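This is coords-v9.cif. It holds mmCIF, C-alpha atoms.
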```
data_entry
loop_
_atom_site.label_atom_id
_atom_site.label_comp_id
_atom_site.auth_asym_id
_atom_site.auth_seq_id
_atom_site.Cartn_x
_atom_site.Cartn_y
_atom_site.Cartn_z
CA MET A 1 0.00 0.00 0.00
CA LYS A 2 2.77 2.32 0.90
CA THR A 3 4.55 1.50 -2.36
CA THR A 4 1.41 2.24 -4.34
CA TYR A 5 1.05 5.64 -2.60
CA ILE A 6 4.63 6.53 -3.41
CA LYS A 7 4.10 5.64 -7.08
CA LEU A 8 0.94 7.76 -7.27
CA SER A 9 2.75 10.71 -5.67
CA MET A 10 5.62 10.48 -8.14
CA ALA A 11 3.18 10.30 -11.06
CA ALA A 12 1.35 13.38 -9.80
CA VAL A 13 4.62 15.31 -9.45
CA LEU A 14 5.64 14.26 -12.99
CA LEU A 15 2.29 15.36 -14.47
CA LEU A 16 2.48 18.65 -12.58
CA GLY A 17 5.98 19.27 -13.98
CA ILE A 18 4.85 18.50 -17.53
CA TYR A 19 1.85 20.84 -17.15
CA SER A 20 4.08 23.60 -15.79
CA CYS A 21 6.47 23.24 -18.72
CA LYS A 22 3.63 23.36 -21.26
CA LYS A 23 2.14 26.38 -19.56
CA GLY A 24 5.52 28.13 -19.56
CA GLU A 25 5.95 27.40 -23.26
CA ALA A 26 2.47 28.74 -23.97
CA VAL A 27 3.14 31.91 -22.02
CA ALA A 28 6.47 32.39 -23.83
CA ALA A 29 4.79 31.87 -27.19
CA ASP A 30 2.05 34.34 -26.30
CA TYR A 31 4.69 36.86 -25.18
CA GLU A 32 6.63 36.47 -28.44
CA THR A 33 3.41 36.87 -30.45
CA ALA A 34 2.52 39.98 -28.48
CA ASN A 35 5.99 41.41 -29.06
CA ALA A 36 5.78 40.69 -32.77
CA THR A 37 2.35 42.34 -32.92
CA ASP A 38 3.61 45.36 -31.00
CA SER A 39 6.63 45.64 -33.31
CA ALA A 40 4.44 45.43 -36.39
CA SER A 41 2.10 48.04 -35.00
CA PHE A 42 5.05 50.29 -34.19
CA MET A 43 6.43 49.95 -37.71
CA VAL A 44 3.08 50.80 -39.25
CA SER A 45 2.50 53.77 -36.98
CA ASP A 46 6.06 54.96 -37.47
CA SER A 47 5.98 54.75 -41.27
CA VAL A 48 2.81 56.82 -41.68
CA SER A 49 1.35 59.29 -39.22
CA SER A 50 -2.38 59.04 -38.59
CA ALA A 51 -2.69 62.66 -39.70
CA ALA A 52 -1.75 61.59 -43.24
CA THR A 53 -4.54 59.00 -43.53
CA MET A 54 -7.11 60.48 -41.17
CA LYS A 55 -10.75 60.45 -42.34
CA ILE A 56 -13.61 61.75 -40.23
CA LYS A 57 -17.22 61.89 -41.32
CA ASP A 58 -18.51 65.38 -42.14
CA LYS A 59 -14.99 66.80 -41.81
CA GLN A 60 -12.65 68.03 -44.54
CA PHE A 61 -8.92 68.53 -44.07
CA ILE A 62 -6.19 70.28 -46.06
CA LYS A 63 -3.10 68.14 -45.47
CA THR A 64 0.51 69.25 -45.78
CA ALA A 65 3.81 67.63 -44.82
CA ASP A 66 7.42 68.71 -44.30
CA VAL A 67 10.20 66.11 -44.45
CA ASN A 68 13.89 66.67 -43.72
CA MET A 69 16.17 63.64 -44.03
CA GLU A 70 19.62 62.41 -45.02
CA VAL A 71 20.00 59.96 -47.89
CA LYS A 72 22.82 57.90 -49.39
CA ASP A 73 22.71 59.57 -52.81
CA VAL A 74 20.74 62.78 -53.36
CA TYR A 75 20.52 62.40 -57.13
CA ASP A 76 19.21 58.82 -56.99
CA ALA A 77 16.77 59.77 -54.22
CA THR A 78 15.52 62.74 -56.25
CA VAL A 79 14.87 60.57 -59.32
CA SER A 80 13.09 57.97 -57.17
CA ILE A 81 10.92 60.58 -55.42
CA GLU A 82 9.94 62.23 -58.71
CA LYS A 83 9.02 58.83 -60.17
CA SER A 84 6.93 57.97 -57.10
CA VAL A 85 5.10 61.29 -57.38
CA GLN A 86 4.34 60.63 -61.05
CA ASP A 87 3.18 57.05 -60.37
CA LEU A 88 0.76 58.28 -57.70
CA GLY A 89 -0.77 60.87 -60.04
CA GLY A 90 0.97 63.89 -58.53
CA PHE A 91 3.42 66.46 -59.84
CA VAL A 92 6.61 68.28 -58.85
CA THR A 93 6.30 72.05 -58.37
CA HIS A 94 9.90 72.75 -57.31
CA SER A 95 13.22 70.90 -57.34
CA ASN A 96 16.56 72.63 -56.66
CA LEU A 97 19.37 70.06 -56.69
CA ARG A 98 22.81 71.56 -56.08
CA SER A 99 26.33 70.69 -54.92
CA ASN A 100 27.89 72.99 -52.35
CA ILE A 101 31.67 73.21 -52.88
CA ILE A 102 33.51 72.94 -49.55
CA SER A 103 37.05 73.13 -50.93
CA GLU A 104 38.86 72.96 -54.27
CA ASP A 105 42.55 72.11 -54.78
CA THR A 106 44.73 71.36 -57.82
CA TYR A 107 47.61 68.85 -57.72
CA ASN A 108 50.08 68.50 -60.61
CA THR A 109 50.74 64.88 -61.56
CA SER A 110 52.98 65.42 -64.63
CA ASN A 111 54.20 68.13 -66.97
CA GLU A 112 50.96 67.86 -68.94
CA ASP A 113 48.31 66.65 -66.46
CA ALA A 114 46.91 67.66 -63.09
CA ILE A 115 44.12 66.51 -60.77
CA LEU A 116 41.39 68.89 -59.57
CA VAL A 117 40.07 67.65 -56.22
CA LYS A 118 36.70 68.99 -55.12
CA LYS A 119 35.14 68.36 -51.73
CA TYR A 120 31.40 68.93 -51.89
CA GLN A 121 28.02 68.09 -50.39
CA THR A 122 24.88 67.58 -52.47
CA GLU A 123 21.40 68.66 -51.37
CA ASN A 124 17.98 69.19 -52.85
CA ALA A 125 14.96 71.20 -51.73
CA MET A 126 11.79 69.92 -53.37
CA GLN A 127 8.09 70.64 -53.27
CA VAL A 128 5.68 68.05 -54.63
CA ARG A 129 1.93 67.58 -54.66
CA VAL A 130 0.20 64.22 -54.52
CA PRO A 131 -3.48 63.25 -54.35
CA THR A 132 -4.55 63.57 -50.72
CA PRO A 133 -5.82 59.96 -50.41
CA LYS A 134 -2.31 58.77 -51.37
CA LEU A 135 -0.37 61.01 -48.99
CA GLY A 136 0.30 58.18 -46.53
CA GLU A 137 1.48 55.86 -49.30
CA PHE A 138 3.84 58.52 -50.63
CA LEU A 139 5.34 59.21 -47.19
CA THR A 140 5.96 55.47 -46.79
CA LEU A 141 7.77 55.34 -50.14
CA ILE A 142 10.13 58.23 -49.39
CA ASN A 143 10.68 56.91 -45.86
CA ASN A 144 12.40 53.89 -47.41
CA LYS A 145 15.06 56.19 -48.92
CA LYS A 146 16.24 57.71 -45.67
CA LEU A 147 19.49 57.07 -43.83
CA PHE A 148 18.54 59.41 -41.02
CA LEU A 149 15.32 61.35 -40.46
CA ASN A 150 15.99 64.82 -39.06
CA PHE A 151 12.30 65.64 -38.73
CA ARG A 152 8.92 65.06 -40.32
CA SER A 153 5.83 67.13 -39.66
CA ILE A 154 2.34 66.43 -40.98
CA ASN A 155 -0.48 68.94 -40.67
CA ALA A 156 -4.18 68.36 -41.20
CA GLU A 157 -6.06 71.67 -41.19
CA ASP A 158 -9.78 71.39 -40.59
CA VAL A 159 -11.46 73.64 -43.19
CA THR A 160 -15.01 72.39 -42.75
CA SER A 161 -16.19 75.67 -41.22
CA SER A 162 -14.40 77.70 -43.87
CA ILE A 163 -16.10 75.76 -46.65
CA LYS A 164 -19.48 76.26 -45.02
CA TYR A 165 -18.80 79.97 -44.63
CA ALA A 166 -17.78 80.17 -48.31
CA GLU A 167 -21.11 78.63 -49.28
CA LEU A 168 -22.99 81.21 -47.21
CA GLU A 169 -20.93 84.02 -48.75
CA GLY A 170 -21.73 82.70 -52.22
CA ARG A 171 -25.46 82.84 -51.46
CA ARG A 172 -25.12 86.36 -50.07
CA ILE A 173 -23.26 87.58 -53.15
CA LYS A 174 -25.88 85.99 -55.40
CA LYS A 175 -28.70 87.61 -53.40
CA THR A 176 -26.93 90.98 -53.54
CA SER A 177 -26.63 90.64 -57.31
CA GLU A 178 -30.38 90.02 -57.58
CA ASN A 179 -31.15 93.07 -55.43
CA ILE A 180 -28.84 95.28 -57.54
CA THR A 181 -30.61 94.13 -60.70
CA GLN A 182 -33.87 95.56 -59.39
CA LEU A 183 -32.39 99.05 -58.91
CA LYS A 184 -32.71 101.83 -61.48
CA ASN A 185 -29.90 102.22 -63.95
CA ASN A 186 -27.50 104.93 -62.76
CA LYS A 187 -23.88 105.43 -61.80
CA ASP A 188 -24.43 104.05 -58.31
CA LYS A 189 -25.93 100.85 -59.72
CA VAL A 190 -22.99 100.37 -62.05
CA LYS A 191 -20.54 100.80 -59.18
CA LEU A 192 -22.49 98.47 -56.88
CA ASP A 193 -22.70 95.85 -59.61
CA ASP A 194 -18.99 96.14 -60.35
CA ASP A 195 -18.03 95.83 -56.66
CA ASN A 196 -20.31 92.86 -56.18
CA MET A 197 -18.90 91.11 -59.26
CA SER A 198 -15.35 91.72 -58.03
CA GLU A 199 -16.24 90.25 -54.65
CA GLY A 200 -17.82 87.27 -56.35
CA ASN A 201 -14.68 86.67 -58.42
CA LEU A 202 -12.50 86.74 -55.30
CA GLN A 203 -14.82 84.27 -53.60
CA GLN A 204 -14.69 81.92 -56.59
CA PHE A 205 -10.90 82.15 -56.63
CA ALA A 206 -10.76 81.27 -52.91
CA ASN A 207 -13.13 78.33 -53.50
CA LEU A 208 -10.95 77.02 -56.33
CA ASP A 209 -7.85 77.32 -54.16
CA VAL A 210 -9.46 75.40 -51.28
CA THR A 211 -10.76 72.74 -53.67
CA ASP A 212 -7.30 72.28 -55.16
CA ASN A 213 -5.66 72.02 -51.72
CA LEU A 214 -8.25 69.46 -50.65
CA LYS A 215 -7.58 67.37 -53.75
CA TYR A 216 -3.77 67.55 -53.62
CA SER A 217 -1.55 67.58 -50.55
CA THR A 218 1.63 69.68 -50.58
CA ILE A 219 4.87 68.10 -49.33
CA ASP A 220 8.09 70.06 -48.81
CA ILE A 221 11.12 67.75 -48.92
CA TYR A 222 14.72 68.56 -48.03
CA ILE A 223 17.33 65.85 -48.59
CA LYS A 224 21.10 65.91 -48.25
CA GLU A 225 24.00 63.50 -47.98
CA PRO A 226 25.40 62.99 -44.47
CA LYS A 227 29.07 63.33 -45.46
CA TYR A 228 31.17 65.19 -47.97
CA ARG A 229 31.96 63.64 -51.33
CA ILE A 230 35.26 63.85 -53.21
CA ALA A 231 35.45 64.43 -56.96
CA GLU A 232 38.77 63.87 -58.77
CA ILE A 233 38.82 65.53 -62.20
CA THR A 234 41.73 65.19 -64.66
CA ILE A 235 42.70 68.57 -66.10
CA THR A 236 45.63 70.19 -67.95
CA ASN A 237 48.66 71.32 -65.98
CA THR A 238 48.19 75.01 -66.75
CA LYS A 239 51.09 76.12 -64.54
CA ASN A 240 53.59 74.17 -66.62
CA ILE A 241 52.05 75.52 -69.82
CA ASP A 242 52.36 79.08 -68.50
CA ASN A 243 56.02 78.53 -67.64
CA LYS A 244 56.66 76.99 -71.04
CA TYR A 245 55.50 80.05 -72.94
CA LYS A 246 56.23 82.71 -70.36
CA PHE A 247 59.60 83.86 -71.89
CA ASN A 248 61.41 83.17 -75.19
CA PHE A 249 64.69 85.13 -75.50
CA ILE A 250 65.16 84.91 -79.29
CA TYR A 251 61.55 85.74 -80.04
CA ASP A 252 61.42 88.58 -77.50
CA ALA A 253 64.80 90.03 -78.68
CA LYS A 254 63.59 90.02 -82.27
CA ASN A 255 60.37 91.78 -81.26
CA ALA A 256 62.36 94.33 -79.23
CA PHE A 257 64.58 95.15 -82.24
CA VAL A 258 61.57 95.54 -84.52
CA GLU A 259 59.72 97.67 -81.99
CA GLY A 260 62.83 99.89 -81.56
CA PHE A 261 63.00 100.43 -85.32
CA TYR A 262 59.31 101.34 -85.36
CA LEU A 263 59.90 103.71 -82.42
CA ILE A 264 62.56 105.62 -84.43
CA GLN A 265 60.14 105.92 -87.32
CA LYS A 266 57.41 107.21 -85.01
CA ILE A 267 59.79 109.83 -83.55
CA ALA A 268 60.79 111.00 -87.02
CA VAL A 269 57.18 111.22 -88.13
CA GLY A 270 56.36 113.10 -84.93
CA LEU A 271 59.08 115.65 -85.59
CA ILE A 272 57.87 116.11 -89.15
CA THR A 273 54.35 116.63 -87.85
CA ILE A 274 55.44 119.51 -85.57
CA TRP A 275 57.79 121.20 -88.10
CA PRO A 276 55.96 124.58 -87.83
CA VAL A 277 56.63 124.63 -84.10
CA LEU A 278 60.26 123.73 -84.62
CA LEU A 279 60.62 126.46 -87.33
CA ILE A 280 59.15 129.14 -85.08
CA ALA A 281 61.40 128.08 -82.22
CA ALA A 282 64.46 128.27 -84.48
CA VAL A 283 63.52 131.82 -85.66
CA ILE A 284 63.04 133.02 -82.09
CA ILE A 285 66.40 131.64 -81.00
CA TYR A 286 68.11 133.27 -84.00
CA CYS A 287 66.56 136.67 -83.25
CA ILE A 288 67.56 136.55 -79.62
CA ARG A 289 71.15 135.81 -80.51
CA ARG A 290 71.27 138.66 -83.11
CA ARG A 291 70.00 141.25 -80.61
CA LYS A 292 72.46 140.26 -77.92
CA PRO A 293 74.86 143.31 -77.37
CA ILE A 294 78.51 142.88 -78.20
CA GLN A 295 80.73 143.72 -75.25
CA LYS A 296 83.52 146.33 -76.00
CA THR A 297 87.01 145.48 -74.90
CA ASN A 298 89.23 148.26 -73.33
CA PRO A 299 92.75 148.85 -74.81
CA PRO A 300 95.62 147.70 -72.67
CA ILE A 301 97.40 150.35 -70.53
CA SER A 302 101.02 150.85 -71.48
#
```

Written as structure tokens, that's how I'd like the structure from this file.
Amino acid sequence: MKTTYIKLSMAAVLLLGIYSCKKGEAVAADYETANATDSASFMVSDSVSSAATMKIKDKQFIKTADVNMEVKDVYDATVSIEKSVQDLGGFVTHSNLRSNIISEDTYNTSNEDAILVKKYQTENAMQVRVPTPKLGEFLTLINNKKLFLNFRSINAEDVTSSIKYAELEGRRIKKTSENITQLKNNKDKVKLDDDNMSEGNLQQFANLDVTDNLKYSTIDIYIKEPKYRIAEITITNTKNIDNKYKFNFIYDAKNAFVEGFYLIQKIAVGLITIWPVLLIAAVIIYCIRRRKPIQKTNPPIS
């Protein structure tokens, strides 16, 4: 009996251990699943802000975004972003890709060749517009190009009240136009009609602008490379070329002799040109010498 009790106790302990192990495995599996779910949720929420995809009944939003990030290659990223915009049915309104020169040095490698070394950093400031329903998709696409995200801001401006107010203003302007029509024709009526039409045009312009901003979201994008790049450009060794042709004794001596001969000719021609002046000067000198008194000499005393 005692032996049977011992066996039953051992079996119970063994079953309890197996149950504990299974329960521990189940808890670990549930924990891993929860972590995976949390990670997936974090990735989704991190890739696209809720402001980009937000939809609320009876509400209308004008959505804009501003992205500043560092990429591996600005040119490749620019081409990829522009293609993504086109594929989503949007368009690029501004793109200013440029390389900022940090330093520039020239190193001579031979008598004929040299290397121009430029240290530079490439950047691009872009503005694109994409259909508002695809704003979140577009932000996800450009997020894949980043090396480091400096900042990203997404704004959703509620313009529901503004749209309602615009509708009321449109009715008022229309009613005013009907009232003006009933007035007698005079100068005041013409002015009132003109002012009301101008106000109506401004209201229509504002409505078109709001409609366009509702349809397309505006995204300002600034991308740059995190480090400087080096460009090595083969050029001509201009210093050696300058030294080569800087001085040639035979050629320069020949030119000096010819130029001296021409200088003598120019002096002779110049003297011939001023012959009247020279003639007058000669006459004056001659007259002065003729009028000069002759000094008398005293006879010697004996």

**OP:** Counting all atoms listed in the file, note down every residue that has an atom within 6 Å of the point (-15.1, 69.3, -44.8) (file coordinates), as a PyMOL selection string.
**Re:** chain A and resi 58-60+159-160

Preceding selection exported with C-alpha atoms as an mmCIF file, in the coordinates of the input:
```
data_model
loop_
_atom_site.group_PDB
_atom_site.id
_atom_site.type_symbol
_atom_site.label_atom_id
_atom_site.label_comp_id
_atom_site.auth_asym_id
_atom_site.auth_seq_id
_atom_site.Cartn_x
_atom_site.Cartn_y
_atom_site.Cartn_z
ATOM 1 C CA ASP A 58 -18.510 65.380 -42.140
ATOM 2 C CA LYS A 59 -14.990 66.800 -41.810
ATOM 3 C CA GLN A 60 -12.650 68.030 -44.540
ATOM 4 C CA VAL A 159 -11.460 73.640 -43.190
ATOM 5 C CA THR A 160 -15.010 72.390 -42.750
#
```

**OP:** Write out as number ranges by chain the residues lying within 10 Å of Ile62 in chain A, counting all atoms listed in the file and excluding same-chain residues fewer than 5 positions away.
**Re:** A: 132, 155-160, 210-218

I need the residues from that last selection saved to file as a PDB file, keeping the file's coordinate frame (with C-alpha atoms), if you can.
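The result, stored in selection_6.pdb:
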```
ATOM      1  CA  THR A 132      -4.550  63.570 -50.720  1.00  0.00           C
ATOM      2  CA  ASN A 155      -0.480  68.940 -40.670  1.00  0.00           C
ATOM      3  CA  ALA A 156      -4.180  68.360 -41.200  1.00  0.00           C
ATOM      4  CA  GLU A 157      -6.060  71.670 -41.190  1.00  0.00           C
ATOM      5  CA  ASP A 158      -9.780  71.390 -40.590  1.00  0.00           C
ATOM      6  CA  VAL A 159     -11.460  73.640 -43.190  1.00  0.00           C
ATOM      7  CA  THR A 160     -15.010  72.390 -42.750  1.00  0.00           C
ATOM      8  CA  VAL A 210      -9.460  75.400 -51.280  1.00  0.00           C
ATOM      9  CA  THR A 211     -10.760  72.740 -53.670  1.00  0.00           C
ATOM     10  CA  ASP A 212      -7.300  72.280 -55.160  1.00  0.00           C
ATOM     11  CA  ASN A 213      -5.660  72.020 -51.720  1.00  0.00           C
ATOM     12  CA  LEU A 214      -8.250  69.460 -50.650  1.00  0.00           C
ATOM     13  CA  LYS A 215      -7.580  67.370 -53.750  1.00  0.00           C
ATOM     14  CA  TYR A 216      -3.770  67.550 -53.620  1.00  0.00           C
ATOM     15  CA  SER A 217      -1.550  67.580 -50.550  1.00  0.00           C
ATOM     16  CA  THR A 218       1.630  69.680 -50.580  1.00  0.00           C
TER      17      THR A 218
END
```

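Note that the spacing between CA of Gln127 in chain A and CA of Glu225 in chain A amounts to 18.2 Å.
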
Subject >> Between CA of Tyr75 in chain A and CA of Tyr222 in chain A, distance in Å (one decimal) >> reply: 12.4 Å

**OP:** Could you state which residues are captured by the PyMOL selection byres ((chain A and resi 230-232) around 9) in this file, as number ranges by chain?
**Re:** A: 115-121, 228-229, 233-234

Could I get range 131-144 of chain A from the block written out with N, CA, C and O atoms, as an mmCIF file, in the first residue's frame?
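Output contents, as saved in part-v2.cif:
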```
data_model
loop_
_atom_site.group_PDB
_atom_site.id
_atom_site.type_symbol
_atom_site.label_atom_id
_atom_site.label_comp_id
_atom_site.auth_asym_id
_atom_site.auth_seq_id
_atom_site.Cartn_x
_atom_site.Cartn_y
_atom_site.Cartn_z
ATOM 1 N N PRO A 131 -2.075 63.363 -54.754
ATOM 2 C CA PRO A 131 -3.478 63.252 -54.349
ATOM 3 C C PRO A 131 -3.584 62.965 -52.857
ATOM 4 O O PRO A 131 -2.872 62.103 -52.332
ATOM 5 N N THR A 132 -4.451 63.679 -52.182
ATOM 6 C CA THR A 132 -4.551 63.573 -50.725
ATOM 7 C C THR A 132 -4.788 62.146 -50.231
ATOM 8 O O THR A 132 -4.178 61.738 -49.235
ATOM 9 N N PRO A 133 -5.635 61.340 -50.896
ATOM 10 C CA PRO A 133 -5.819 59.956 -50.410
ATOM 11 C C PRO A 133 -4.539 59.129 -50.454
ATOM 12 O O PRO A 133 -4.450 58.097 -49.782
ATOM 13 N N LYS A 134 -3.536 59.545 -51.233
ATOM 14 C CA LYS A 134 -2.308 58.768 -51.371
ATOM 15 C C LYS A 134 -1.135 59.394 -50.615
ATOM 16 O O LYS A 134 0.013 59.012 -50.823
ATOM 17 N N LEU A 135 -1.433 60.347 -49.746
ATOM 18 C CA LEU A 135 -0.375 61.009 -48.994
ATOM 19 C C LEU A 135 0.382 60.017 -48.116
ATOM 20 O O LEU A 135 1.618 60.010 -48.079
ATOM 21 N N GLY A 136 -0.353 59.164 -47.400
ATOM 22 C CA GLY A 136 0.295 58.183 -46.534
ATOM 23 C C GLY A 136 1.173 57.223 -47.314
ATOM 24 O O GLY A 136 2.295 56.894 -46.901
ATOM 25 N N GLU A 137 0.693 56.768 -48.465
ATOM 26 C CA GLU A 137 1.481 55.859 -49.304
ATOM 27 C C GLU A 137 2.769 56.535 -49.779
ATOM 28 O O GLU A 137 3.836 55.927 -49.801
ATOM 29 N N PHE A 138 2.658 57.803 -50.153
ATOM 30 C CA PHE A 138 3.843 58.518 -50.631
ATOM 31 C C PHE A 138 4.868 58.694 -49.509
ATOM 32 O O PHE A 138 6.068 58.509 -49.724
ATOM 33 N N LEU A 139 4.418 59.047 -48.314
ATOM 34 C CA LEU A 139 5.343 59.212 -47.191
ATOM 35 C C LEU A 139 6.048 57.898 -46.850
ATOM 36 O O LEU A 139 7.215 57.890 -46.451
ATOM 37 N N THR A 140 5.337 56.776 -47.016
ATOM 38 C CA THR A 140 5.957 55.474 -46.791
ATOM 39 C C THR A 140 7.052 55.206 -47.814
ATOM 40 O O THR A 140 8.125 54.695 -47.490
ATOM 41 N N LEU A 141 6.799 55.571 -49.073
ATOM 42 C CA LEU A 141 7.773 55.344 -50.142
ATOM 43 C C LEU A 141 9.052 56.142 -49.911
ATOM 44 O O LEU A 141 10.163 55.618 -50.046
ATOM 45 N N ILE A 142 8.922 57.423 -49.575
ATOM 46 C CA ILE A 142 10.135 58.230 -49.386
ATOM 47 C C ILE A 142 10.824 57.880 -48.063
ATOM 48 O O ILE A 142 12.022 58.112 -47.915
ATOM 49 N N ASN A 143 10.077 57.321 -47.120
ATOM 50 C CA ASN A 143 10.684 56.913 -45.855
ATOM 51 C C ASN A 143 11.700 55.794 -46.071
ATOM 52 O O ASN A 143 12.672 55.669 -45.328
ATOM 53 N N ASN A 144 11.482 54.984 -47.115
ATOM 54 C CA ASN A 144 12.403 53.887 -47.406
ATOM 55 C C ASN A 144 13.743 54.376 -47.949
ATOM 56 O O ASN A 144 14.697 53.600 -48.024
#
```
